[in-house]
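Quick look at my_file_25.pdb (PDB, C-alpha atoms):
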ATOM      1  CA  MET T 247      21.559 -62.914 -26.517
ATOM      2  CA  PRO T 248      18.843 -65.368 -27.546
ATOM      3  CA  LEU T 249      15.514 -64.970 -25.789
ATOM      4  CA  THR T 250      14.123 -67.715 -23.592
ATOM      5  CA  ARG T 251      11.130 -69.686 -24.831
ATOM      6  CA  GLU T 252       8.831 -67.623 -22.567
ATOM      7  CA  GLU T 253      10.388 -64.282 -23.603
ATOM      8  CA  ARG T 254      10.066 -64.985 -27.322
ATOM      9  CA  ALA T 255       6.447 -66.149 -26.933
ATOM     10  CA  ARG T 256       5.542 -63.021 -24.933
ATOM     11  CA  PHE T 257       7.316 -60.808 -27.483
ATOM     12  CA  LEU T 258       5.528 -62.445 -30.425
ATOM     13  CA  ALA T 259       2.216 -61.967 -28.585
ATOM     14  CA  GLU T 260       2.767 -58.184 -28.545
ATOM     15  CA  PRO T 261       1.117 -56.201 -31.379
ATOM     16  CA  HIS T 262       4.049 -55.765 -33.764
ATOM     17  CA  VAL T 263       3.623 -55.467 -37.509
ATOM     18  CA  ALA T 264       5.247 -58.604 -38.916
ATOM     19  CA  ALA T 265       7.207 -59.181 -42.083
ATOM     20  CA  LEU T 266       5.666 -62.278 -43.681
ATOM     21  CA  SER T 267       7.890 -64.287 -46.023
ATOM     22  CA  VAL T 268       6.836 -67.157 -48.235
ATOM     23  CA  ASP T 269       8.503 -69.060 -51.068
ATOM     24  CA  ALA T 270       7.699 -67.320 -54.364
ATOM     25  CA  GLY T 271       8.876 -70.141 -56.609
ATOM     26  CA  ALA T 272      11.877 -70.999 -58.743
ATOM     27  CA  GLY T 273      13.996 -68.057 -59.795
ATOM     28  CA  ARG T 274      12.254 -65.655 -57.408
ATOM     29  CA  ALA T 275      13.214 -64.312 -54.023
ATOM     30  CA  PRO T 276      10.677 -65.017 -51.260
ATOM     31  CA  LEU T 277       7.664 -62.712 -51.191
ATOM     32  CA  THR T 278       8.098 -60.536 -48.099
ATOM     33  CA  VAL T 279       5.302 -58.171 -47.059
ATOM     34  CA  PRO T 280       4.148 -56.420 -43.866
ATOM     35  CA  ILE T 281       1.111 -57.951 -42.187
ATOM     36  CA  TRP T 282      -0.953 -57.859 -39.009
ATOM     37  CA  TYR T 283      -1.097 -61.133 -37.101
ATOM     38  CA  GLN T 284      -2.491 -62.617 -33.895
ATOM     39  CA  TYR T 285      -0.749 -64.935 -31.444
ATOM     40  CA  ALA T 286      -1.206 -66.173 -27.896
ATOM     41  CA  PRO T 287       1.693 -68.044 -26.238
ATOM     42  CA  GLY T 288       1.445 -71.761 -26.857
ATOM     43  CA  GLY T 289      -1.064 -71.396 -29.695
ATOM     44  CA  THR T 290      -0.921 -70.931 -33.424
ATOM     45  CA  VAL T 291      -0.069 -67.705 -35.206
ATOM     46  CA  TRP T 292      -2.825 -66.509 -37.503
ATOM     47  CA  ILE T 293      -3.044 -63.985 -40.280
ATOM     48  CA  MET T 294      -5.920 -62.747 -42.401
ATOM     49  CA  THR T 295      -5.537 -62.161 -46.124
ATOM     50  CA  GLY T 296      -7.535 -62.061 -49.327
ATOM     51  CA  ARG T 297      -8.593 -65.419 -50.738
ATOM     52  CA  ASP T 298      -7.518 -64.214 -54.210
ATOM     53  CA  SER T 299      -4.258 -62.556 -53.103
ATOM     54  CA  ARG T 300      -0.836 -63.588 -54.415
ATOM     55  CA  LYS T 301       0.226 -64.026 -50.783
ATOM     56  CA  TYR T 302      -2.496 -66.599 -50.104
ATOM     57  CA  GLY T 303      -1.751 -68.440 -53.352
ATOM     58  CA  LEU T 304       1.928 -68.723 -52.433
ATOM     59  CA  ILE T 305       1.160 -69.793 -48.848
ATOM     60  CA  SER T 306      -1.231 -72.450 -50.138
ATOM     61  CA  ALA T 307       1.393 -73.754 -52.578
ATOM     62  CA  ALA T 308       4.248 -73.726 -50.051
ATOM     63  CA  GLY T 309       2.235 -75.023 -47.096
ATOM     64  CA  ARG T 310       4.310 -72.876 -44.722
ATOM     65  CA  PHE T 311       5.510 -69.321 -44.141
ATOM     66  CA  SER T 312       7.539 -67.275 -41.696
ATOM     67  CA  LEU T 313       6.947 -64.100 -39.723
ATOM     68  CA  MET T 314       9.577 -61.763 -38.298
ATOM     69  CA  VAL T 315       8.778 -59.034 -35.771
ATOM     70  CA  ASP T 316      11.181 -56.544 -34.270
ATOM     71  CA  ARG T 317      11.497 -53.378 -32.243
ATOM     72  CA  LEU T 318      14.233 -50.819 -31.724
ATOM     73  CA  GLU T 319      13.398 -49.424 -28.287
ATOM     74  CA  PRO T 320      13.916 -49.814 -25.388
ATOM     75  CA  THR T 321      16.253 -52.524 -26.731
ATOM     76  CA  VAL T 322      16.891 -53.951 -30.171
ATOM     77  CA  ARG T 323      14.929 -57.204 -30.126
ATOM     78  CA  TYR T 324      13.493 -59.560 -32.725
ATOM     79  CA  VAL T 325      11.678 -62.874 -33.055
ATOM     80  CA  SER T 326      11.354 -64.882 -36.248
ATOM     81  CA  VAL T 327       9.043 -67.878 -36.382
ATOM     82  CA  GLU T 328       8.456 -70.382 -39.169
ATOM     83  CA  GLY T 329       6.141 -73.335 -39.515
ATOM     84  CA  PRO T 330       3.535 -75.262 -41.415
ATOM     85  CA  VAL T 331       0.024 -74.121 -42.185
ATOM     86  CA  VAL T 332      -2.265 -76.157 -39.945
ATOM     87  CA  ASP T 333      -5.659 -74.643 -40.774
ATOM     88  CA  THR T 334      -7.291 -72.286 -43.249
ATOM     89  CA  ALA T 335     -10.879 -71.080 -42.992
ATOM     90  CA  PRO T 336     -13.053 -68.221 -44.216
ATOM     91  CA  ALA T 337     -12.529 -65.121 -42.069
ATOM     92  CA  THR T 338     -15.272 -64.003 -39.723
ATOM     93  CA  LEU T 339     -16.314 -60.496 -38.832
ATOM     94  CA  GLU T 340     -15.297 -61.227 -35.221
ATOM     95  CA  GLN T 341     -11.756 -62.182 -36.304
ATOM     96  CA  LEU T 342     -11.456 -59.003 -38.356
ATOM     97  CA  ARG T 343     -12.579 -56.963 -35.355
ATOM     98  CA  GLU T 344     -10.092 -58.795 -33.061
ATOM     99  CA  LEU T 345      -7.210 -58.120 -35.432
ATOM    100  CA  ALA T 346      -8.170 -54.475 -35.993
ATOM    101  CA  ALA T 347      -8.510 -53.885 -32.236
ATOM    102  CA  ARG T 348      -4.987 -55.246 -31.743
ATOM    103  CA  TYR T 349      -3.489 -52.551 -33.994
ATOM    104  CA  LEU T 350      -5.824 -49.565 -34.155
ATOM    105  CA  PRO T 351      -7.018 -47.048 -31.566
ATOM    106  CA  ALA T 352     -10.419 -48.088 -30.169
ATOM    107  CA  ASP T 353     -12.211 -45.153 -31.788
ATOM    108  CA  ARG T 354     -11.051 -46.258 -35.271
ATOM    109  CA  VAL T 355     -11.838 -49.981 -35.093
ATOM    110  CA  ASP T 356     -15.515 -49.863 -36.164
ATOM    111  CA  ALA T 357     -14.853 -47.657 -39.193
ATOM    112  CA  TYR T 358     -11.930 -49.816 -40.305
ATOM    113  CA  VAL T 359     -13.900 -53.054 -39.849
ATOM    114  CA  ASP T 360     -16.851 -51.673 -41.844
ATOM    115  CA  PHE T 361     -14.507 -50.570 -44.642
ATOM    116  CA  ALA T 362     -12.411 -53.759 -44.708
ATOM    117  CA  TRP T 363     -15.338 -56.185 -44.465
ATOM    118  CA  THR T 364     -17.046 -54.667 -47.501
ATOM    119  CA  GLY T 365     -14.025 -53.396 -49.432
ATOM    120  CA  HIS T 366     -11.320 -56.045 -49.209
ATOM    121  CA  GLY T 367     -13.187 -58.943 -50.801
ATOM    122  CA  GLU T 368     -13.369 -62.447 -49.411
ATOM    123  CA  GLN T 369     -10.805 -62.999 -46.645
ATOM    124  CA  VAL T 370      -9.318 -66.165 -45.175
ATOM    125  CA  VAL T 371      -7.589 -66.870 -41.874
ATOM    126  CA  VAL T 372      -4.439 -68.964 -42.091
ATOM    127  CA  HIS T 373      -3.074 -70.641 -38.948
ATOM    128  CA  MET T 374       0.615 -71.552 -38.688
ATOM    129  CA  ARG T 375       2.089 -73.796 -36.001
ATOM    130  CA  PRO T 376       5.400 -72.268 -34.839
ATOM    131  CA  GLU T 377       8.069 -74.866 -35.544
ATOM    132  CA  ARG T 378      11.380 -72.995 -35.751
ATOM    133  CA  TRP T 379      12.265 -69.880 -33.785
ATOM    134  CA  VAL T 380      15.153 -67.420 -34.068
ATOM    135  CA  SER T 381      15.360 -64.584 -31.547
ATOM    136  CA  SER T 382      17.705 -62.089 -30.000
ATOM    137  CA  ASP T 383      17.841 -59.117 -27.699
ATOM    138  CA  LEU T 384      20.815 -56.999 -28.698
ATOM    139  CA  GLY T 385      20.488 -54.729 -25.674
ATOM    140  CA  GLY T 386      20.064 -50.989 -25.711
ATOM    141  CA  VAL T 387      21.558 -49.083 -28.615
ATOM    142  CA  SER T 388      23.491 -46.981 -26.126
ATOM    143  CA  ASP T 389      25.187 -50.172 -24.920
ATOM    144  CA  TYR T 390      27.139 -50.128 -28.195
ATOM    145  CA  ALA T 391      28.307 -46.503 -28.064
ATOM    146  CA  PRO T 392      32.078 -46.077 -27.780
ATOM    147  CA  GLU T 393      33.407 -45.175 -24.338
ATOM    148  CA  GLY T 394      32.965 -41.456 -23.738
ATOM    149  CA  ALA T 395      30.652 -40.932 -26.751
ATOM    150  CA  ALA T 396      27.666 -38.658 -26.199
ATOM    151  CA  SER T 397      24.293 -40.369 -26.250
ATOM    152  CA  ALA T 398      21.263 -38.931 -28.022
TER     153      ALA T 398
END

As a first step, turn the structure in this file into structure tokens.
Amino acid sequence: MPLTREERARFLAEPHVAALSVDAGAGRAPLTVPIWYQYAPGGTVWIMTGRDSRKYGLISAAGRFSLMVDRLEPTVRYVSVEGPVVDTAPATLEQLRELAARYLPADRVDAYVDFAWTGHGEQVVVHMRPERWVSSDLGGVSDYAPEGAASA
């Protein structure tokens, strides 16, 4: 079943690791890589990546990208969102800290931020305006077990 607009926005706002896909050019499949992202319902989705990365070069050339996030429990659910890049700016230390705090335990954020800020090179933040959404909640895995089958 497709998710409602509110359900898909709330789900995307949760801290899932996304699969980012972007056009990789003629004769190539799209580049698809895992990435951390940030989103608040009604706003833009933003990612942080290296200014000199292949990913950023492809996003700049394409002018758009997509993210797909999913989970397996308590139900199989996913949201895919695609849209145009609406802003790109140099990353700030505060944005790096915000993103790290979304995904890491609190006691590991400072060490990660110190490492990433000095070790990852110049970073940029890319904002995408969600334009097209695809979503579904397939229900619990046990919902699909044959009648009388034992559940794990």

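Distances here use only C-alpha atoms; by that measure, the residue among T:Arg323, T:Arg348, T:His373, T:Arg274 closest to Glu260 (chain T) is T:Arg348.
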
| task | Go through T:Leu266, T:Val370, T:Ala352, T:Leu318 one by one, measure the shortest atom-to-atom distance of each to Leu339 (chain T) using only C-alpha atoms, and give the residue with the smallest value. | result | T:Val370

| query | Given the file above and the PyMOL selection byres ((chain T and resi 335) around 6), which residues are selected, and can you give them as a VMD selection string? | reply | chain T and resid 334 336 370 to 371

Padded axis-aligned box of region 263-274 of chain T (4 Å per side), centre and edge lengths, Å, one decimal, as AutoDock Vina command-line options:
--center_x 8.8 --center_y -63.2 --center_z -48.7 --size_x 18.4 --size_y 23.5 --size_z 30.3

| note | Pairwise distance, CA of Val332 (chain T) with CA of Arg375 (chain T), equals 6.3 Å
